[in-house]
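protein-v4.cif (mmCIF, C-alpha atoms)
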```
data_target
loop_
_atom_site.label_atom_id
_atom_site.label_comp_id
_atom_site.auth_asym_id
_atom_site.auth_seq_id
_atom_site.Cartn_x
_atom_site.Cartn_y
_atom_site.Cartn_z
CA MET A 1 66.14 -86.98 -26.06
CA THR A 2 63.17 -85.69 -27.98
CA PRO A 3 61.64 -82.72 -26.15
CA THR A 4 58.06 -83.10 -25.03
CA SER A 5 55.37 -80.47 -24.67
CA GLU A 6 55.81 -80.73 -20.89
CA SER A 7 59.40 -79.46 -21.13
CA ALA A 8 58.42 -76.22 -22.87
CA PRO A 9 57.20 -73.34 -20.69
CA ASP A 10 53.69 -72.16 -21.29
CA ALA A 11 53.56 -68.98 -23.36
CA PRO A 12 51.86 -66.11 -21.57
CA VAL A 13 48.31 -65.50 -22.73
CA PRO A 14 48.18 -61.98 -24.20
CA HIS A 15 45.56 -59.62 -22.91
CA PRO A 16 43.19 -58.13 -25.48
CA PRO A 17 43.93 -54.46 -26.11
CA VAL A 18 42.22 -51.80 -24.05
CA ALA A 19 40.81 -48.93 -26.10
CA GLY A 20 40.67 -45.33 -24.99
CA LEU A 21 37.53 -43.27 -25.47
CA LEU A 22 37.74 -39.51 -25.04
CA LEU A 23 34.48 -37.57 -24.80
CA ALA A 24 35.26 -34.15 -26.30
CA ALA A 25 32.08 -33.06 -28.05
CA GLY A 26 30.63 -30.51 -25.61
CA GLY A 27 30.01 -26.91 -26.53
CA GLY A 28 31.10 -25.38 -23.21
CA ARG A 29 27.73 -23.77 -22.55
CA ARG A 30 28.71 -22.74 -19.01
CA LEU A 31 31.96 -21.32 -20.39
CA GLY A 32 30.08 -18.94 -22.64
CA GLY A 33 30.04 -21.28 -25.60
CA ARG A 34 33.78 -22.06 -25.67
CA PRO A 35 34.21 -25.73 -26.69
CA LYS A 36 36.39 -27.38 -24.07
CA ALA A 37 38.34 -29.33 -26.67
CA LEU A 38 39.81 -26.05 -27.94
CA LEU A 39 40.83 -24.57 -24.60
CA GLY A 40 44.54 -23.91 -24.49
CA PHE A 41 46.69 -26.04 -22.19
CA ARG A 42 50.49 -25.93 -22.20
CA GLY A 43 50.43 -24.23 -25.56
CA ARG A 44 48.19 -26.76 -27.32
CA PRO A 45 44.45 -27.55 -27.45
CA LEU A 46 43.26 -29.38 -24.36
CA VAL A 47 41.94 -32.27 -26.47
CA GLU A 48 45.50 -33.17 -27.45
CA HIS A 49 46.58 -33.52 -23.83
CA ALA A 50 43.57 -35.71 -22.98
CA ALA A 51 44.06 -37.97 -26.01
CA ARG A 52 47.77 -38.31 -25.29
CA ALA A 53 47.05 -39.31 -21.69
CA LEU A 54 45.05 -42.27 -22.97
CA SER A 55 47.66 -43.42 -25.47
CA GLU A 56 50.62 -42.94 -23.12
CA GLY A 57 48.69 -44.74 -20.40
CA GLY A 58 48.54 -47.84 -22.61
CA CYS A 59 45.27 -47.54 -24.55
CA ALA A 60 45.06 -48.47 -28.22
CA PRO A 61 43.18 -47.55 -30.26
CA VAL A 62 42.20 -44.12 -28.96
CA CYS A 63 38.81 -42.88 -30.13
CA VAL A 64 37.92 -39.19 -29.78
CA VAL A 65 34.28 -38.11 -30.04
CA LEU A 66 33.89 -34.58 -31.41
CA GLY A 67 30.80 -32.44 -31.82
CA ALA A 68 30.75 -28.69 -31.17
CA ALA A 69 33.20 -26.87 -33.44
CA ALA A 70 34.46 -30.21 -34.77
CA ALA A 71 35.82 -28.65 -37.96
CA GLU A 72 37.77 -26.09 -35.95
CA VAL A 73 39.16 -28.78 -33.66
CA LEU A 74 40.43 -30.69 -36.69
CA VAL A 75 42.23 -27.58 -37.92
CA HIS A 76 43.95 -26.72 -34.65
CA ALA A 77 44.51 -30.05 -32.88
CA ASP A 78 46.88 -32.84 -33.87
CA LEU A 79 44.82 -35.99 -33.48
CA ALA A 80 46.48 -37.98 -36.25
CA HIS A 81 47.00 -40.98 -33.96
CA CYS A 82 43.31 -41.14 -33.01
CA THR A 83 40.13 -42.51 -34.50
CA LEU A 84 37.72 -39.59 -34.78
CA VAL A 85 33.97 -39.91 -34.39
CA ASP A 86 31.59 -37.06 -35.19
CA ASN A 87 28.57 -36.82 -32.90
CA PRO A 88 25.95 -34.55 -34.48
CA ARG A 89 23.72 -35.20 -31.46
CA TRP A 90 26.19 -33.68 -29.00
CA PRO A 91 23.64 -31.07 -27.73
CA GLU A 92 21.74 -33.96 -26.14
CA GLY A 93 24.57 -34.41 -23.64
CA MET A 94 27.45 -36.68 -22.73
CA GLY A 95 25.35 -39.82 -23.06
CA SER A 96 25.07 -39.38 -26.83
CA SER A 97 28.86 -39.14 -27.15
CA LEU A 98 29.37 -42.22 -25.01
CA ARG A 99 26.97 -44.19 -27.21
CA ALA A 100 28.65 -42.95 -30.40
CA GLY A 101 32.11 -43.84 -29.15
CA LEU A 102 31.17 -47.32 -27.98
CA ALA A 103 29.45 -48.00 -31.30
CA ALA A 104 32.61 -47.02 -33.17
CA LEU A 105 34.73 -49.33 -31.01
CA GLU A 106 32.54 -52.36 -31.68
CA ALA A 107 34.54 -52.98 -34.87
CA THR A 108 37.80 -53.28 -32.92
CA ASP A 109 39.21 -56.23 -30.99
CA ALA A 110 39.42 -54.26 -27.75
CA GLY A 111 38.52 -56.25 -24.66
CA ALA A 112 37.82 -53.16 -22.56
CA VAL A 113 37.68 -49.37 -22.82
CA VAL A 114 38.89 -46.53 -20.63
CA VAL A 115 36.53 -43.55 -20.88
CA SER A 116 37.89 -40.11 -20.06
CA LEU A 117 36.64 -36.53 -20.23
CA VAL A 118 38.31 -33.71 -22.13
CA ASP A 119 37.84 -31.13 -19.36
CA GLN A 120 40.12 -32.66 -16.70
CA PRO A 121 43.62 -31.30 -17.41
CA GLY A 122 45.00 -32.81 -14.20
CA VAL A 123 44.25 -36.38 -15.27
CA GLY A 124 47.16 -37.90 -17.14
CA ALA A 125 48.71 -41.17 -18.22
CA ALA A 126 49.44 -42.39 -14.69
CA ALA A 127 45.75 -42.66 -13.76
CA VAL A 128 44.97 -44.41 -17.04
CA SER A 129 47.81 -46.87 -16.48
CA ARG A 130 46.48 -47.75 -13.02
CA LEU A 131 43.07 -48.61 -14.47
CA LEU A 132 44.67 -50.88 -17.05
CA ALA A 133 46.61 -52.64 -14.30
CA ALA A 134 43.38 -53.20 -12.36
CA HIS A 135 41.73 -54.65 -15.46
CA ARG A 136 44.65 -57.01 -16.09
CA ALA A 137 44.30 -58.12 -12.50
CA GLY A 138 40.69 -59.11 -13.19
CA ALA A 139 38.51 -56.00 -12.85
CA GLY A 140 35.71 -55.76 -15.40
CA LEU A 141 34.46 -52.46 -14.01
CA ALA A 142 36.92 -49.97 -12.55
CA ALA A 143 37.03 -46.27 -11.79
CA ALA A 144 39.65 -43.84 -10.63
CA SER A 145 38.92 -42.66 -7.12
CA TYR A 146 40.05 -39.62 -5.19
CA GLY A 147 40.01 -39.97 -1.44
CA GLY A 148 37.68 -42.93 -1.88
CA GLU A 149 35.21 -41.02 -4.08
CA ARG A 150 34.55 -42.46 -7.54
CA GLY A 151 35.61 -40.26 -10.44
CA HIS A 152 37.10 -40.42 -13.92
CA PRO A 153 38.52 -42.09 -15.92
CA VAL A 154 36.41 -45.25 -15.82
CA LEU A 155 36.96 -48.68 -17.38
CA PHE A 156 34.40 -51.07 -18.82
CA ALA A 157 35.16 -54.59 -20.00
CA ARG A 158 33.56 -55.31 -23.36
CA GLU A 159 30.68 -57.32 -21.91
CA HIS A 160 29.43 -54.12 -20.26
CA TRP A 161 29.40 -51.93 -23.37
CA GLU A 162 25.88 -52.75 -24.49
CA GLY A 163 24.43 -52.09 -21.05
CA VAL A 164 26.38 -48.86 -20.65
CA ALA A 165 25.13 -47.62 -24.03
CA ARG A 166 21.53 -48.41 -23.12
CA ALA A 167 21.82 -46.59 -19.80
CA ALA A 168 23.62 -43.51 -21.19
CA ALA A 169 21.24 -40.57 -21.40
CA GLY A 170 21.53 -36.81 -21.15
CA ASP A 171 24.61 -35.67 -19.26
CA ARG A 172 24.64 -38.67 -16.94
CA GLY A 173 26.91 -40.81 -19.12
CA ALA A 174 27.60 -44.08 -17.32
CA ARG A 175 26.78 -42.80 -13.84
CA ALA A 176 23.55 -44.77 -13.44
CA TYR A 177 25.12 -47.96 -14.75
CA LEU A 178 28.00 -47.74 -12.30
CA ARG A 179 25.78 -46.80 -9.38
CA ALA A 180 23.59 -49.85 -9.97
CA ARG A 181 26.71 -52.06 -9.87
CA ALA A 182 28.64 -50.27 -7.17
CA SER A 183 29.67 -53.48 -5.42
CA ALA A 184 31.30 -54.75 -8.64
CA VAL A 185 33.28 -51.58 -9.36
CA THR A 186 36.96 -51.68 -8.43
CA LEU A 187 38.00 -48.27 -7.13
CA VAL A 188 41.57 -47.38 -8.08
CA GLU A 189 42.98 -44.63 -5.88
CA CYS A 190 44.62 -41.94 -8.02
CA ALA A 191 44.72 -38.87 -5.78
CA ASP A 192 48.51 -39.09 -5.58
CA VAL A 193 48.97 -38.93 -9.37
CA ALA A 194 45.98 -36.98 -10.70
CA ASP A 195 43.70 -34.02 -10.01
CA PRO A 196 40.03 -34.70 -10.86
CA ARG A 197 38.89 -31.06 -10.97
CA ASP A 198 37.19 -30.17 -14.24
CA VAL A 199 36.99 -26.96 -16.24
CA ASP A 200 33.29 -26.24 -16.14
CA VAL A 201 32.77 -22.51 -15.49
CA PRO A 202 34.97 -19.43 -16.10
CA GLU A 203 36.27 -19.58 -12.52
CA ASP A 204 37.83 -22.96 -13.36
CA LEU A 205 39.99 -21.62 -16.17
CA GLY A 206 42.84 -21.16 -13.69
CA LEU A 207 43.34 -24.92 -13.85
CA LEU A 208 44.75 -24.38 -17.35
CA GLY A 209 47.27 -21.74 -16.33
CA GLY A 210 50.06 -24.02 -15.24
CA PRO A 211 50.99 -27.60 -14.44
CA PRO A 212 48.17 -29.85 -13.18
CA GLY A 213 47.74 -29.89 -9.44
CA ARG A 214 49.60 -33.20 -9.19
CA PRO A 215 52.19 -34.78 -11.45
CA ASP A 216 51.18 -37.05 -14.31
#
```
Can you dump the structure from the file as structure tokens?
Amino acid sequence: MTPTSESAPDAPVPHPPVAGLLLAAGGGRRLGGRPKALLGFRGRPLVEHAARALSEGGCAPVCVVLGAAAAEVLVHADLAHCTLVDNPRWPEGMGSSLRAGLAALEATDAGAVVVSLVDQPGVGAAAVSRLLAAHRAGAGLAAASYGGERGHPVLFAREHWEGVARAAAGDRGARAYLRARASAVTLVECADVADPRDVDVPEDLGLLGGPPGRPD
């Protein structure tokens, strides 16, 4: 009997790739001018750990936005698997890096992006993977949450990129965009796999002295 199209199982529809976007351009003003990307963590620059968390969590490509001490970062950090974007406007704040990264990703076929920050050593691949799972389940806007409080990383489906870029200003990043759409944001609890504390002032440097507060 000649097989018909009805006898063949439907092939699964592949999901478009989800890109990773790491914001690592800051100059560490409150750390006395020590760029956070170059802070040591587990024997390597912190930017390597943050970029690896995105790739191991399932993101591809991974785009890293650099600014302060970019040349030095390139010397000391192994980012060969990443797409690097230089942001000469980094002193304007996180918003400029977010815009630069999203602009660079426009040329890719990514259907969504996970945005993470370089200064959160306790956020690893497990949190990133949970956001990707939420997106594959239908979420167009998603954010890691810790005890019900929205945090990072965050995920934006591609249709949101233009609006996020327009709203990004100063150090606010995507905060205003997400706040205006709070009812549409899927919160993905990650407190059991990640620690959202960031390295912002000298007193926070203890977060780099050992394993993150929770396992990756």
- Query: Taking all atoms listed in the file into account, which of A:Gly140, A:Gly93, A:Gly147, A:Gly122 comes nearest Gly27 of chain A?
  - Reply: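 Counting all atoms listed in the file, the residue closest to Gly27 of chain A is A:Gly93.
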- Separation of atom CA of Arg166 of chain A and atom CA of Ala19 of chain A, in Å?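 Rounded to one decimal, the two atoms are 19.5 Å apart.
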- Message: So the first atom is atom CA of Met94 of chain A and the second is atom CA of Leu38 of chain A; what is the distance between them in Å, to one decimal place?
- Response: 17.1 Å
- Long-range neighbours of segment 167-169 of chain A as a PyMOL selection string, 9 Å cut-off, all atoms listed in the file, 6 positions minimum in chain: chain A and resi 92-96+98-99+175-177
What does the file look like for those residues with C-alpha atoms, as a short mmCIF file (atom, residue, chain, number, x, y, z; two decimals), in the frame of the given file?
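Generated file (selection.cif):
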```cif
data_model
loop_
_atom_site.label_atom_id
_atom_site.label_comp_id
_atom_site.auth_asym_id
_atom_site.auth_seq_id
_atom_site.Cartn_x
_atom_site.Cartn_y
_atom_site.Cartn_z
CA GLU A 92 21.74 -33.96 -26.14
CA GLY A 93 24.57 -34.41 -23.64
CA MET A 94 27.45 -36.68 -22.73
CA GLY A 95 25.35 -39.82 -23.06
CA SER A 96 25.07 -39.38 -26.83
CA LEU A 98 29.37 -42.22 -25.01
CA ARG A 99 26.97 -44.19 -27.21
CA ARG A 175 26.78 -42.80 -13.84
CA ALA A 176 23.55 -44.77 -13.44
CA TYR A 177 25.12 -47.96 -14.75
#
```
- Message: Calculated over only C-alpha atoms, which of the candidates A:Gly138, A:Pro121, A:Pro16, A:Gly58 has the smallest distance to Gly209 of chain A?
- Response: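 Using only C-alpha atoms, Gly209 of chain A sits closest to A:Pro121.
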- Can you list, as a ChimeraX atom specification, the residues that the PyMOL selection byres ((chain A and resi 52) around 12) selects here? /A:20-22,44-51,53-64,77-82,116,118,121,123-126,128,216
- Might you spell out which residues the PyMOL selection byres ((chain A and resi 160) around 10) would select in the displayed file, as a PyMOL selection string? chain A and resi 112-113+140-141+155-159+161-165+177
- Note on the structure: atom CA of Arg179 of chain A sits from atom CA of Ala191 of chain A at a separation of 20.8 Å
- Message: My list of candidates is A:Val85, A:Ala133, A:Ala69, A:Ala180. Which is closest to Gly28 of chain A when distances are computed with all atoms listed in the file?
- Response: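 Closest candidate: A:Ala69.
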- Pick from A:Glu149, A:His15, A:Gly111, A:Gly206, whichever lies nearest to Ala137 of chain A using all atoms listed in the file: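 Among the listed residues, the smallest separation from Ala137 of chain A belongs to A:His15.
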- Task: Counting all atoms listed in the file, figure out which residue out of A:Arg29, A:Pro153, A:Arg181, A:Leu205 gets nearest to Phe41 of chain A.
- Result: A:Leu205
- Minimum-distance residue to Glu72 of chain A, chosen among A:Gly151, A:Gly173, A:Pro196, A:Pro35 (using only C-alpha atoms): A:Pro35
- Task: Could you tell me which residues the PyMOL selection byres ((chain A and resi 66) around 10) returns for this structure, as a PyMOL selection string?
- Result: chain A and resi 22-27+37+47+63-65+67-71+73-74+84-88+90+97+100-101
- Shell of 9 Å around Arg30 of chain A, all atoms listed in the file, local chain residues under 5 positions omitted, as an MDAnalysis selection string: chainID A and resid 200:202
Expected file contents, prior selection, C-alpha atoms, as a PDB file, in the coordinates of the input:
```pdb
ATOM      1  CA  ASP A 200      33.290 -26.240 -16.140  1.00  0.00           C
ATOM      2  CA  VAL A 201      32.770 -22.510 -15.490  1.00  0.00           C
ATOM      3  CA  PRO A 202      34.970 -19.430 -16.100  1.00  0.00           C
TER       4      PRO A 202
END
```
Kindly provide, as lines of an AutoDock Vina configuration file, the centre and edge lengths (Å, one decimal) of an axis-aligned box around all atoms of segment 161-170 of chain A given in the file, with 6 Å on each side.
```
center_x = 25.3
center_y = -44.8
center_z = -22.1
size_x = 20.2
size_y = 27.9
size_z = 16.7
```
